[in-house]
Each structure stands twice: as C-alpha cells, then as structure tokens.
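Engineer: Here you go, target.pdb (PDB, C-alpha atoms):
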```pdb
ATOM      1  CA  MET A   1       0.000   0.000   0.000
ATOM      2  CA  GLY A   2       2.669   2.500   1.034
ATOM      3  CA  LYS A   3       4.794   1.621  -2.024
ATOM      4  CA  ASN A   4       1.894   2.208  -4.424
ATOM      5  CA  ILE A   5       1.096   5.593  -2.863
ATOM      6  CA  MET A   6       4.723   6.718  -3.023
ATOM      7  CA  THR A   7       5.128   5.517  -6.624
ATOM      8  CA  TYR A   8       1.944   7.323  -7.610
ATOM      9  CA  GLN A   9       3.137  10.577  -6.012
ATOM     10  CA  LYS A  10       6.548  10.267  -7.691
ATOM     11  CA  ARG A  11       4.807   9.718 -11.015
ATOM     12  CA  LEU A  12       2.693  12.858 -10.548
ATOM     13  CA  ASN A  13       5.787  14.880  -9.671
ATOM     14  CA  LEU A  14       7.549  13.654 -12.818
ATOM     15  CA  ILE A  15       4.496  14.493 -14.941
ATOM     16  CA  ASP A  16       4.460  17.932 -13.315
ATOM     17  CA  GLU A  17       8.107  18.313 -14.323
ATOM     18  CA  CYS A  18       7.240  17.382 -17.930
ATOM     19  CA  LEU A  19       4.336  19.837 -18.040
ATOM     20  CA  ARG A  20       6.672  22.659 -17.004
ATOM     21  CA  ARG A  21       9.026  22.155 -19.962
ATOM     22  CA  PHE A  22       7.676  25.149 -21.841
ATOM     23  CA  ASP A  23      10.686  25.282 -24.167
ATOM     24  CA  HIS A  24      10.198  21.650 -25.195
ATOM     25  CA  PRO A  25       6.562  20.467 -24.819
ATOM     26  CA  MET A  26       6.202  16.678 -24.602
ATOM     27  CA  ASN A  27       3.572  14.345 -26.046
ATOM     28  CA  ILE A  28       2.000  11.438 -24.154
ATOM     29  CA  LYS A  29       4.501   8.917 -25.498
ATOM     30  CA  GLU A  30       7.453  11.085 -24.463
ATOM     31  CA  ILE A  31       5.950  11.666 -21.007
ATOM     32  CA  GLN A  32       5.382   7.921 -20.643
ATOM     33  CA  GLU A  33       8.936   7.012 -21.691
ATOM     34  CA  TYR A  34      10.540   9.704 -19.513
ATOM     35  CA  CYS A  35       8.572   8.829 -16.376
ATOM     36  CA  ASN A  36       8.836   5.059 -16.807
ATOM     37  CA  GLN A  37      12.607   5.348 -17.192
ATOM     38  CA  ARG A  38      12.905   7.479 -14.042
ATOM     39  CA  LEU A  39      10.583   5.176 -12.077
ATOM     40  CA  ASN A  40      12.003   1.961 -13.547
ATOM     41  CA  ARG A  41       8.399   0.844 -14.133
ATOM     42  CA  LYS A  42       6.182   0.169 -17.160
ATOM     43  CA  PHE A  43       2.995   2.199 -16.757
ATOM     44  CA  THR A  44       0.763   2.345 -19.840
ATOM     45  CA  ASP A  45      -0.076   5.472 -21.828
ATOM     46  CA  ARG A  46      -3.653   5.082 -20.558
ATOM     47  CA  THR A  47      -2.350   5.495 -17.006
ATOM     48  CA  TYR A  48      -0.634   8.753 -17.967
ATOM     49  CA  ARG A  49      -3.720  10.058 -19.768
ATOM     50  CA  TYR A  50      -5.714   9.380 -16.606
ATOM     51  CA  ASP A  51      -3.071  11.161 -14.508
ATOM     52  CA  LEU A  52      -3.246  14.231 -16.788
ATOM     53  CA  GLU A  53      -7.034  14.324 -16.454
ATOM     54  CA  LYS A  54      -6.782  13.956 -12.680
ATOM     55  CA  ILE A  55      -4.243  16.795 -12.367
ATOM     56  CA  GLU A  56      -6.437  19.012 -14.553
ATOM     57  CA  MET A  57      -9.667  18.297 -12.655
ATOM     58  CA  GLU A  58      -8.324  18.350  -9.096
ATOM     59  CA  ASN A  59      -6.391  21.596  -9.588
ATOM     60  CA  GLU A  60      -8.958  23.273 -11.864
ATOM     61  CA  ILE A  61      -6.306  24.147 -14.442
ATOM     62  CA  SER A  62      -6.016  23.815 -18.202
ATOM     63  CA  TYR A  63      -3.283  22.722 -20.590
ATOM     64  CA  ARG A  64      -1.717  24.476 -23.547
ATOM     65  CA  VAL A  65      -1.778  21.950 -26.396
ATOM     66  CA  THR A  66       0.799  22.326 -29.164
ATOM     67  CA  VAL A  67       0.943  20.050 -32.208
ATOM     68  CA  ILE A  68       4.541  19.042 -33.005
ATOM     69  CA  ASN A  69       5.270  16.551 -35.797
ATOM     70  CA  GLY A  70       1.631  15.507 -35.754
ATOM     71  CA  PHE A  71       1.531  14.783 -31.999
ATOM     72  CA  GLN A  72      -0.325  16.735 -29.302
ATOM     73  CA  CYS A  73       2.179  18.073 -26.760
ATOM     74  CA  PHE A  74       1.162  19.373 -23.338
ATOM     75  CA  THR A  75       2.274  22.140 -20.973
ATOM     76  CA  TYR A  76       0.469  24.088 -18.270
ATOM     77  CA  ALA A  77      -1.477  27.049 -19.677
ATOM     78  CA  ASP A  78      -0.368  28.996 -16.593
ATOM     79  CA  GLU A  79       3.441  28.925 -16.602
ATOM     80  CA  SER A  80       3.564  29.771 -12.890
ATOM     81  CA  PHE A  81       1.561  26.684 -11.904
ATOM     82  CA  SER A  82       2.935  23.510 -10.332
ATOM     83  CA  ILE A  83       1.115  20.831  -8.344
ATOM     84  CA  ASN A  84       3.684  21.428  -5.611
ATOM     85  CA  ASN A  85       2.647  25.072  -5.201
ATOM     86  CA  ASN A  86      -0.292  24.215  -2.955
ATOM     87  CA  ALA A  87       1.511  24.062   0.363
ATOM     88  CA  VAL A  88      -1.453  25.298   2.388
ATOM     89  CA  VAL A  89      -3.474  22.466   3.833
ATOM     90  CA  ASN A  90      -7.130  23.261   4.490
ATOM     91  CA  GLN A  91      -9.527  21.652   6.940
ATOM     92  CA  VAL A  92     -10.778  19.167   4.354
ATOM     93  CA  ASP A  93      -7.197  18.024   3.762
ATOM     94  CA  LEU A  94      -6.706  17.618   7.501
ATOM     95  CA  CYS A  95      -9.839  15.506   7.727
ATOM     96  CA  ASN A  96      -8.624  13.343   4.858
ATOM     97  CA  PHE A  97      -5.220  12.940   6.519
ATOM     98  CA  ARG A  98      -6.946  11.800   9.697
ATOM     99  CA  LYS A  99      -8.931   9.228   7.740
ATOM    100  CA  ILE A 100      -5.729   7.983   6.108
ATOM    101  CA  LYS A 101      -4.094   7.727   9.499
ATOM    102  CA  GLU A 102      -6.980   5.678  10.858
ATOM    103  CA  ALA A 103      -6.932   3.472   7.753
ATOM    104  CA  LEU A 104      -3.226   2.801   8.287
ATOM    105  CA  GLY A 105      -3.934   2.042  11.917
ATOM    106  CA  ASP A 106      -6.356  -0.632  10.818
ATOM    107  CA  PHE A 107      -3.496  -2.438   9.052
ATOM    108  CA  LEU A 108      -1.438  -2.548  12.243
ATOM    109  CA  GLY A 109      -1.744  -6.070  13.541
ATOM    110  CA  LEU A 110      -1.447  -7.520  10.031
ATOM    111  CA  GLY A 111       2.321  -7.855  10.293
ATOM    112  CA  LEU A 112       3.053  -4.428   8.816
ATOM    113  CA  GLU A 113       3.933  -2.607  12.033
ATOM    114  CA  SER A 114       7.523  -1.691  11.198
ATOM    115  CA  SER A 115       6.545  -0.377   7.748
ATOM    116  CA  LEU A 116       3.495   1.610   8.818
ATOM    117  CA  THR A 117       4.272   2.871  12.318
ATOM    118  CA  THR A 118       6.755   5.440  10.993
ATOM    119  CA  MET A 119       4.229   6.593   8.408
ATOM    120  CA  THR A 120       1.454   7.047  10.967
ATOM    121  CA  ASP A 121       3.847   8.815  13.351
ATOM    122  CA  GLU A 122       4.728  11.320  10.621
ATOM    123  CA  ILE A 123       1.047  11.940   9.897
ATOM    124  CA  ASN A 124       0.433  12.403  13.631
ATOM    125  CA  LYS A 125       3.182  15.031  13.805
ATOM    126  CA  PHE A 126       1.830  16.813  10.751
ATOM    127  CA  LEU A 127      -1.703  16.886  12.154
ATOM    128  CA  GLY A 128      -0.886  17.472  15.784
ATOM    129  CA  TYR A 129      -3.122  14.425  16.211
ATOM    130  CA  ASP A 130      -4.206  13.511  19.723
ATOM    131  CA  GLU A 131      -4.308   9.736  20.145
ATOM    132  CA  GLN A 132      -7.009  10.191  22.802
ATOM    133  CA  GLN A 133      -9.446  11.653  20.267
ATOM    134  CA  ARG A 134     -12.542   9.596  19.546
ATOM    135  CA  PRO A 135     -12.339   7.497  16.350
ATOM    136  CA  ILE A 136     -13.856   9.091  13.249
ATOM    137  CA  ILE A 137     -13.859   6.156  10.827
ATOM    138  CA  SER A 138     -14.079   2.370  11.066
ATOM    139  CA  PHE A 139     -13.022  -0.369   8.653
ATOM    140  CA  GLU A 140     -14.078  -3.982   8.429
ATOM    141  CA  LYS A 141     -11.575  -6.152  10.240
ATOM    142  CA  VAL A 142      -9.844  -8.739   8.110
ATOM    143  CA  VAL A 143      -9.647 -12.117   9.823
ATOM    144  CA  LEU A 144      -6.957 -14.339   8.331
ATOM    145  CA  GLU A 145      -7.169 -17.957   9.357
ATOM    146  CA  SER A 146      -4.052 -20.014   9.884
ATOM    147  CA  HIS A 147      -3.910 -23.770   9.377
ATOM    148  CA  GLY A 148      -0.183 -24.112   9.937
ATOM    149  CA  LYS A 149       2.645 -22.669  12.004
ATOM    150  CA  ILE A 150       2.847 -19.511   9.901
ATOM    151  CA  LYS A 151       0.035 -16.983  10.255
ATOM    152  CA  PRO A 152      -0.936 -15.404   6.908
ATOM    153  CA  HIS A 153      -0.600 -11.845   8.171
ATOM    154  CA  ASP A 154       2.984 -12.592   9.263
ATOM    155  CA  LEU A 155       3.826 -13.016   5.569
ATOM    156  CA  LEU A 156       2.608  -9.623   4.364
ATOM    157  CA  GLU A 157       5.593  -7.541   5.398
ATOM    158  CA  PRO A 158       8.323  -9.963   4.220
ATOM    159  CA  LEU A 159       6.498 -10.385   0.903
ATOM    160  CA  LEU A 160       6.185  -6.623   0.475
ATOM    161  CA  LYS A 161       9.914  -6.314   1.084
ATOM    162  CA  ALA A 162      10.615  -9.167  -1.344
ATOM    163  CA  ILE A 163       8.673  -7.357  -4.086
ATOM    164  CA  ILE A 164      10.342  -4.010  -3.384
ATOM    165  CA  GLN A 165      13.842  -5.475  -3.065
ATOM    166  CA  HIS A 166      13.423  -7.981  -5.956
ATOM    167  CA  GLN A 167      14.044 -10.994  -3.733
ATOM    168  CA  THR A 168      13.505 -14.570  -4.936
ATOM    169  CA  MET A 169      11.643 -16.737  -2.396
ATOM    170  CA  ASP A 170      11.361 -20.471  -1.683
ATOM    171  CA  ILE A 171       7.912 -21.464  -0.464
ATOM    172  CA  LYS A 172       6.124 -24.610   0.612
ATOM    173  CA  TYR A 173       2.548 -24.299  -0.624
ATOM    174  CA  GLU A 174      -0.459 -26.523   0.025
ATOM    175  CA  VAL A 175      -2.406 -27.127  -3.176
ATOM    176  CA  PRO A 176      -6.029 -28.099  -2.389
ATOM    177  CA  GLY A 177      -6.495 -31.823  -2.981
ATOM    178  CA  ARG A 178      -2.885 -32.334  -4.115
ATOM    179  CA  GLY A 179      -0.845 -31.919  -0.962
ATOM    180  CA  LYS A 180       2.181 -29.684  -0.432
ATOM    181  CA  ARG A 181       4.438 -28.385  -3.191
ATOM    182  CA  GLU A 182       7.836 -26.683  -2.932
ATOM    183  CA  TRP A 183       8.364 -23.842  -5.399
ATOM    184  CA  THR A 184      10.881 -21.101  -6.045
ATOM    185  CA  VAL A 185       8.907 -17.980  -6.902
ATOM    186  CA  PHE A 186       9.439 -14.365  -7.924
ATOM    187  CA  PRO A 187       6.920 -12.265  -5.912
ATOM    188  CA  GLN A 188       5.316  -9.583  -8.125
ATOM    189  CA  PHE A 189       2.210  -8.191  -6.420
ATOM    190  CA  LEU A 190      -0.077  -8.538  -3.387
ATOM    191  CA  LYS A 191      -3.842  -8.372  -3.780
ATOM    192  CA  GLN A 192      -6.719  -8.708  -1.354
ATOM    193  CA  TYR A 193     -10.095 -10.098  -2.362
ATOM    194  CA  ASN A 194     -13.038 -11.132  -0.203
ATOM    195  CA  GLN A 195     -11.055 -10.782   3.063
ATOM    196  CA  ARG A 196      -8.228 -12.957   1.779
ATOM    197  CA  TRP A 197      -4.701 -11.992   0.711
ATOM    198  CA  TYR A 198      -3.042 -13.392  -2.409
ATOM    199  CA  LEU A 199       0.539 -13.306  -3.656
ATOM    200  CA  ILE A 200       0.742 -12.858  -7.416
ATOM    201  CA  ALA A 201       4.000 -14.501  -8.479
ATOM    202  CA  THR A 202       5.856 -16.221 -11.301
ATOM    203  CA  ARG A 203       7.718 -19.495 -10.793
ATOM    204  CA  HIS A 204      11.332 -20.420 -11.472
ATOM    205  CA  ARG A 205      11.740 -22.923 -14.326
ATOM    206  CA  ASP A 206       8.018 -22.973 -15.030
ATOM    207  CA  GLU A 207       6.695 -24.807 -18.101
ATOM    208  CA  VAL A 208       5.224 -21.507 -19.289
ATOM    209  CA  GLU A 209       7.722 -18.718 -18.616
ATOM    210  CA  GLY A 210       6.128 -15.658 -17.043
ATOM    211  CA  LYS A 211       2.881 -17.445 -16.130
ATOM    212  CA  LEU A 212       1.233 -15.768 -13.134
ATOM    213  CA  TYR A 213       0.056 -17.730 -10.108
ATOM    214  CA  ASN A 214      -2.381 -16.584  -7.426
ATOM    215  CA  LEU A 215      -1.133 -17.992  -4.129
ATOM    216  CA  ALA A 216      -3.393 -17.607  -1.094
ATOM    217  CA  LEU A 217      -1.273 -16.562   1.871
ATOM    218  CA  ASP A 218      -3.158 -18.872   4.237
ATOM    219  CA  ARG A 219      -1.925 -21.865   2.200
ATOM    220  CA  ILE A 220       1.767 -20.982   2.459
ATOM    221  CA  ARG A 221       3.282 -23.333   5.035
ATOM    222  CA  LYS A 222       6.914 -22.212   4.852
ATOM    223  CA  MET A 223       8.795 -19.353   3.229
ATOM    224  CA  GLU A 224      12.416 -18.195   3.087
ATOM    225  CA  ALA A 225      14.619 -16.040   0.869
ATOM    226  CA  ASN A 226      16.599 -17.705  -1.930
ATOM    227  CA  GLN A 227      19.948 -15.948  -2.316
ATOM    228  CA  HIS A 228      21.177 -18.057  -5.257
ATOM    229  CA  ILE A 229      18.577 -17.616  -7.999
ATOM    230  CA  PRO A 230      18.373 -14.108  -9.528
ATOM    231  CA  TYR A 231      14.976 -12.423  -9.324
ATOM    232  CA  LYS A 232      12.964 -11.990 -12.543
ATOM    233  CA  GLU A 233      10.475  -9.131 -12.831
ATOM    234  CA  CYS A 234       7.475  -9.960 -15.021
ATOM    235  CA  GLY A 235       7.171  -6.403 -16.396
ATOM    236  CA  ILE A 236       3.396  -6.190 -15.885
ATOM    237  CA  ASP A 237       1.800  -2.897 -14.820
ATOM    238  CA  PHE A 238      -0.510  -4.109 -12.052
ATOM    239  CA  SER A 239      -2.160  -0.694 -11.664
ATOM    240  CA  ASP A 240      -4.654  -1.725 -14.372
ATOM    241  CA  PHE A 241      -3.933  -5.447 -14.820
ATOM    242  CA  PHE A 242      -7.025  -6.506 -12.840
ATOM    243  CA  GLU A 243      -9.274  -3.827 -14.341
ATOM    244  CA  ASP A 244     -11.540  -6.361 -16.117
ATOM    245  CA  VAL A 245     -11.363  -9.001 -13.385
ATOM    246  CA  VAL A 246     -13.680  -9.939 -10.535
ATOM    247  CA  GLY A 247     -11.360 -11.352  -7.874
ATOM    248  CA  VAL A 248      -7.781 -12.391  -8.631
ATOM    249  CA  THR A 249      -8.010 -14.915 -11.480
ATOM    250  CA  LYS A 250      -7.233 -13.744 -15.025
ATOM    251  CA  PRO A 251      -7.547 -16.780 -17.344
ATOM    252  CA  ASP A 252      -4.574 -17.343 -19.658
ATOM    253  CA  GLY A 253      -5.233 -16.578 -23.316
ATOM    254  CA  ALA A 254      -8.794 -15.391 -22.688
ATOM    255  CA  GLU A 255     -10.416 -12.053 -23.465
ATOM    256  CA  PRO A 256     -13.032 -10.109 -21.473
ATOM    257  CA  ILE A 257     -16.629 -10.926 -22.373
ATOM    258  CA  GLU A 258     -19.792  -8.843 -22.218
ATOM    259  CA  VAL A 259     -22.113 -10.306 -19.589
ATOM    260  CA  LYS A 260     -25.784  -9.336 -19.605
ATOM    261  CA  LEU A 261     -27.723  -9.815 -16.383
ATOM    262  CA  ARG A 262     -31.387  -9.611 -15.444
ATOM    263  CA  ILE A 263     -31.856  -8.365 -11.886
ATOM    264  CA  ASP A 264     -35.046  -8.304  -9.801
ATOM    265  CA  ARG A 265     -36.034  -4.657  -9.515
ATOM    266  CA  GLY A 266     -36.335  -4.953  -5.738
ATOM    267  CA  GLU A 267     -32.756  -6.242  -5.504
ATOM    268  CA  TYR A 268     -31.255  -3.718  -7.906
ATOM    269  CA  PRO A 269     -30.770  -0.786  -5.455
ATOM    270  CA  TYR A 270     -28.378  -2.982  -3.460
ATOM    271  CA  ILE A 271     -26.448  -4.098  -6.554
ATOM    272  CA  GLU A 272     -26.417  -0.526  -7.859
ATOM    273  CA  SER A 273     -24.769   0.709  -4.649
ATOM    274  CA  LYS A 274     -22.399  -2.263  -4.525
ATOM    275  CA  PRO A 275     -21.712  -3.182  -8.177
ATOM    276  CA  ILE A 276     -20.603  -6.645  -9.222
ATOM    277  CA  HIS A 277     -17.858  -4.908 -11.232
ATOM    278  CA  THR A 278     -16.892  -1.315 -12.017
ATOM    279  CA  SER A 279     -17.931  -1.751 -15.669
ATOM    280  CA  GLN A 280     -21.538  -2.404 -14.635
ATOM    281  CA  LYS A 281     -24.048  -0.254 -16.521
ATOM    282  CA  ILE A 282     -27.784  -0.322 -17.225
ATOM    283  CA  ASP A 283     -28.937  -1.755 -20.549
ATOM    284  CA  SER A 284     -31.202   0.970 -21.945
ATOM    285  CA  GLU A 285     -33.065  -1.468 -24.243
ATOM    286  CA  HIS A 286     -35.113  -2.818 -21.330
ATOM    287  CA  LYS A 287     -35.489   0.304 -19.190
ATOM    288  CA  GLU A 288     -39.305   0.149 -19.411
ATOM    289  CA  ASP A 289     -39.469  -3.303 -17.771
ATOM    290  CA  LYS A 290     -41.354  -2.985 -14.468
ATOM    291  CA  ASP A 291     -40.121  -6.218 -12.888
ATOM    292  CA  TYR A 292     -36.447  -6.340 -13.829
ATOM    293  CA  VAL A 293     -33.417  -4.157 -14.409
ATOM    294  CA  TYR A 294     -31.022  -5.308 -17.127
ATOM    295  CA  VAL A 295     -27.325  -4.518 -16.796
ATOM    296  CA  SER A 296     -24.151  -5.392 -18.670
ATOM    297  CA  LEU A 297     -20.544  -5.692 -17.552
ATOM    298  CA  THR A 298     -17.295  -6.446 -19.352
ATOM    299  CA  VAL A 299     -15.203  -8.963 -17.427
ATOM    300  CA  TYR A 300     -13.225 -12.173 -17.679
ATOM    301  CA  ASP A 301     -15.161 -15.388 -17.103
ATOM    302  CA  ASN A 302     -13.635 -16.864 -13.963
ATOM    303  CA  PHE A 303     -14.574 -18.736 -10.797
ATOM    304  CA  GLU A 304     -14.956 -15.560  -8.744
ATOM    305  CA  LEU A 305     -17.410 -14.028 -11.233
ATOM    306  CA  ARG A 306     -19.576 -17.152 -11.286
ATOM    307  CA  SER A 307     -19.527 -17.418  -7.490
ATOM    308  CA  LYS A 308     -20.496 -13.759  -7.180
ATOM    309  CA  ILE A 309     -23.460 -14.139  -9.534
ATOM    310  CA  LEU A 310     -24.648 -17.331  -7.826
ATOM    311  CA  SER A 311     -24.469 -15.613  -4.423
ATOM    312  CA  TYR A 312     -27.550 -13.563  -5.382
ATOM    313  CA  GLY A 313     -29.625 -16.709  -5.860
ATOM    314  CA  SER A 314     -32.761 -16.294  -7.962
ATOM    315  CA  LYS A 315     -32.468 -12.493  -7.877
ATOM    316  CA  VAL A 316     -29.868 -12.364 -10.673
ATOM    317  CA  THR A 317     -30.015 -14.285 -13.961
ATOM    318  CA  VAL A 318     -27.382 -14.437 -16.701
ATOM    319  CA  MET A 319     -28.991 -13.737 -20.075
ATOM    320  CA  GLU A 320     -25.820 -13.694 -22.181
ATOM    321  CA  PRO A 321     -23.420 -15.162 -23.140
ATOM    322  CA  LYS A 322     -24.798 -18.679 -23.465
ATOM    323  CA  SER A 323     -21.442 -20.204 -22.506
ATOM    324  CA  LEU A 324     -21.535 -18.561 -19.069
ATOM    325  CA  ARG A 325     -25.246 -19.277 -18.661
ATOM    326  CA  ASP A 326     -24.651 -22.981 -19.401
ATOM    327  CA  LYS A 327     -21.857 -23.188 -16.804
ATOM    328  CA  LEU A 328     -24.125 -21.732 -14.126
ATOM    329  CA  VAL A 329     -27.004 -24.033 -15.098
ATOM    330  CA  HIS A 330     -24.625 -26.992 -14.722
ATOM    331  CA  ASP A 331     -23.475 -25.782 -11.286
ATOM    332  CA  LEU A 332     -27.063 -25.221 -10.117
ATOM    333  CA  LYS A 333     -28.117 -28.698 -11.271
ATOM    334  CA  LYS A 334     -25.210 -30.237  -9.356
ATOM    335  CA  SER A 335     -26.192 -28.246  -6.268
ATOM    336  CA  LEU A 336     -29.802 -29.395  -6.574
ATOM    337  CA  GLU A 337     -28.672 -33.028  -6.788
ATOM    338  CA  ASN A 338     -27.014 -32.616  -3.394
ATOM    339  CA  TYR A 339     -30.434 -31.952  -1.852
ATOM    340  CA  GLN A 340     -32.247 -34.821  -3.543
ATOM    341  CA  ASP A 341     -32.568 -38.195  -1.818
TER
END
```
Just dump the structure as structure tokens.

Structural biologist:
Amino acid sequence: MGKNIMTYQKRLNLIDECLRRFDHPMNIKEIQEYCNQRLNRKFTDRTYRYDLEKIEMENEISYRVTVINGFQCFTYADESFSINNNAVVNQVDLCNFRKIKEALGDFLGLGLESSLTTMTDEINKFLGYDEQQRPIISFEKVVLESHGKIKPHDLLEPLLKAIIQHQTMDIKYEVPGRGKREWTVFPQFLKQYNQRWYLIATRHRDEVEGKLYNLALDRIRKMEANQHIPYKECGIDFSDFFEDVVGVTKPDGAEPIEVKLRIDRGEYPYIESKPIHTSQKIDSEHKEDKDYVYVSLTVYDNFELRSKILSYGSKVTVMEPKSLRDKLVHDLKKSLENYQD
C-alpha cells in the first residue's frame, strides 16, 4: 500500500516536471517514456492520460496543447503553476489525513507494524493528532485464518519487502487436494479479495515462462529467501492489470466478455450501490421493464465471477453469453442433486 502511494506521487511529480518544460513540450509517449525510465516501471499510456485528467480536474487548471510533428504536446497554460505550489493544507485536507491515518492504523496487527508505524507517526506530527481523540472512521476487520505454524498476516511484510527489493523466495505451498508443493517464486504483487490476501508470483523454471500464479497466503506453510537464484520481474503494470477481473483470477489466453444480467427490480438498489464490477451499466433497451433491471458488464469469465453471480440466488439471472449461462445451469443442477434423496 505505502509503495503504491509513493510511486503514484513520484509519477505525478515527474508528470508535473514534464508539463513545465515550456521550451520543449512533450507528447504522451514522451511523457510515458521519460517517467517510466525514471521510475524503472512500465505504466501504460492510458495510465498517464488518466493522470493528466486527474491533475487538470483536481487543480482546476487547463493545458496548452501544441501540435509538433503531428503529436499533441502538453504544458500548463499557466506557466507559474505547479502541483507542488499548494503548500497550504485546508480543513478538508486535515480531515482526509486523519482518515488515512486511521486506515493505516487498521493495518497494524497484520504484520506491517515496522513499515506503517513510521508513516502514521509522521502523519500524527503533521496533524498534531491527539491519540485520545474519539475514532472518526471504522473499517471492516480482516480475519486471516491459519492452518499451519505460519500466520498469513505474518507473511505480508516480508512479501512486500521481497517485491520491493526484488528478492527470490522459496515457499512450501499446500495445493487443495494435491498436498504440499515446494516452489521457487518471484513475488510480483499482493492483492486482497473477499477478506483474503493473495501473492501474485511467477515461478522459477516454469513450463510456461512468465505465467502468473495466485497464491493464497493462508496456504503458504513455509517461506524463506533464496539468495542463489536471480529475481525476474514480469514487467506487468498491475495498476490496471485486474481492471476487467472480478477477484484475482485472469484466465490465460482469454479475453473479457460482455455479460448481460437480469436483476429483480427490488434487488437492484443494493447491486447498484455495490456493483458486481466497475464496468456495470444499465442496458437501456429494457429500461421500461417494471419487474427487472437489465445490466451489462465487461469482465473475464472466472470462478470468482460465477460465485459472485450465484451468491444472489434467484435475484440475478445471466442472459448472455450462453457459454456462461450454461456453466451456471450446470453448477445449479449439481447443487440441486445434493439436496435430492
């Protein structure tokens, strides 16, 4: 979490630097190449376009667009502007800082104390925060079960460090139904879904080089650093890698599909406020239907998506595609058989 925030802020500062090059305006591709080289990362041009929009909207500024060699090049319209000019923190900012501090505090106890305590202390100093103040925000507690000697939350900090420091790791992992396996892995990313933490990693000497694995932390039985095998970075920009995914599983070689759902109108307000996926939108063709609301979403077909849809029971029905509908019909028939004598 802290690494992502710091990388994001560094990226904004580098973009700010590019936008202040009034003698040599830069296009999106040049901004992308310059920033990625400085950050030693591979963010997409879409990420940088989003950053430019965010800077423009949040600071209520505009850009001067110059066409050079057929490419749109950007600088600030106001040459005196910089995102670092706003040193004055207002009361809204203070409130937001307090919320951030409380959010960080909620992670304490998940094995991240040494990484986060310094951060929260600095925020406390900045705010003049009184630890005796009443809480102002609450987060759902994440309960991580342990079935072995290692507790899952004890792995978070060493795995974060392994990703940051490019450290190869040896792990003993329990594969459901297949016993324990010993792998040498290159940790790439940590992701939480449905109150469970996953390590996204590639494996040493894998049959498919660069193949990503989702390893649930509560199934890791043993872990230690491997000092002999050089670390391999997969080169994936995880800031948008899971954009079309419900959960953590992105099927190899597949493409996102358009899923059309029919939702009971009485259930829809809940699903509207807590969407199945961020791409969820109402299908205008059926807006006059009094009993149902029809929505579409663009996602990968995976186990998490099917489980999510089935969790709504009879309130949500897949209309398209037929392939997904058939899979759910098969699962429902198998479930029904379990209740038949």

Engineer: Could you please determine the separation between CA of Lys191 in chain A and CA of Leu159 in chain A in Å, to one decimal place?

Structural biologist: 11.5 Å

Engineer: Report as an MDAnalysis selection string the residues that result from applying the PyMOL selection byres ((chain A and resi 310-313) around 12) to the structure here.

Structural biologist: chainID A and resid 261:264 267:268 270:271 276 303:309 314:318 324:325 327:332 335

Engineer: Would you mind reading off the distance between CA of Arg203 in chain A and CA of Phe186 in chain A, one decimal, in Å?

Structural biologist: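 Separation of CA of Arg203 in chain A and CA of Phe186 in chain A: 6.1 Å.
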
Engineer: Taking only C-alpha atoms into account, produce a table as a tab-separated table in which each residue of range 208-323 of chain A with an atom at most 6 Å from an atom of range 164-184 of chain A appears once, together with its shortest atom pair and the distance in Å to one decimal, ordered by chain and rising number.

Structural biologist:
```
residue	atom	partner	partner_atom	distance
A:Arg219	CA	A:Glu174	CA	5.3
A:Ile220	CA	A:Tyr173	CA	4.6
A:Arg221	CA	A:Lys172	CA	5.4
A:Lys222	CA	A:Lys172	CA	4.9
A:Met223	CA	A:Ile171	CA	4.3
A:Glu224	CA	A:Asp170	CA	5.4
A:Ala225	CA	A:Met169	CA	4.5
A:Asn226	CA	A:Met169	CA	5.1
A:Tyr231	CA	A:Thr168	CA	5.1
```

Engineer: How many Å lie between CA of Ala77 in chain A and CA of Ser239 in chain A, rounded to one decimal?

Structural biologist: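 Straight-line distance from CA of Ala77 in chain A to CA of Ser239 in chain A works out to 28.9 Å.
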
Engineer: Identify which of the residues A:His24, A:Phe43, A:Gly266, A:Asp16 lies closest to Asp240 in chain A, counting all atoms listed in the file when measuring atom-to-atom distances.

Structural biologist: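 Of all the options, A:Phe43 lies closest to Asp240 in chain A.
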
Engineer: Pick the closest to Glu56 in chain A from A:Leu215, A:Val245, A:Cys234, A:Leu19: which is it, counting only C-alpha atoms?

Structural biologist: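 Residue with the minimum atom-to-atom distance to Glu56 in chain A: A:Leu19.
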
Engineer: Env of range 25-40 of chain A: 10 Å cut, atoms = all atoms listed in the file, seq-sep filter 6 positions within chain, self excluded. Answer as a PyMOL selection string.

Structural biologist: chain A and resi 7-8+10-15+17-19+46-49+52+64-68+70-76

Engineer: From the set A:Arg196, A:Asp289, A:Phe189, A:Gln280, which residue has the shortest atom-to-atom contact distance to Phe241 in chain A, counting only C-alpha atoms?

Structural biologist: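 Once distances to Phe241 in chain A are computed over only C-alpha atoms, the minimum belongs to A:Phe189.
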
Engineer: Can you report as JSON the centre and edge lengths in Å, to one decimal, of an axis-aligned box around the listed atoms of range 64-83 of chain A padded with 8 Å on each side?

Structural biologist:
```
{"center_x": 1.7, "center_y": 22.3, "center_z": -22.1, "size_x": 23.0, "size_y": 31.0, "size_z": 43.5}
```
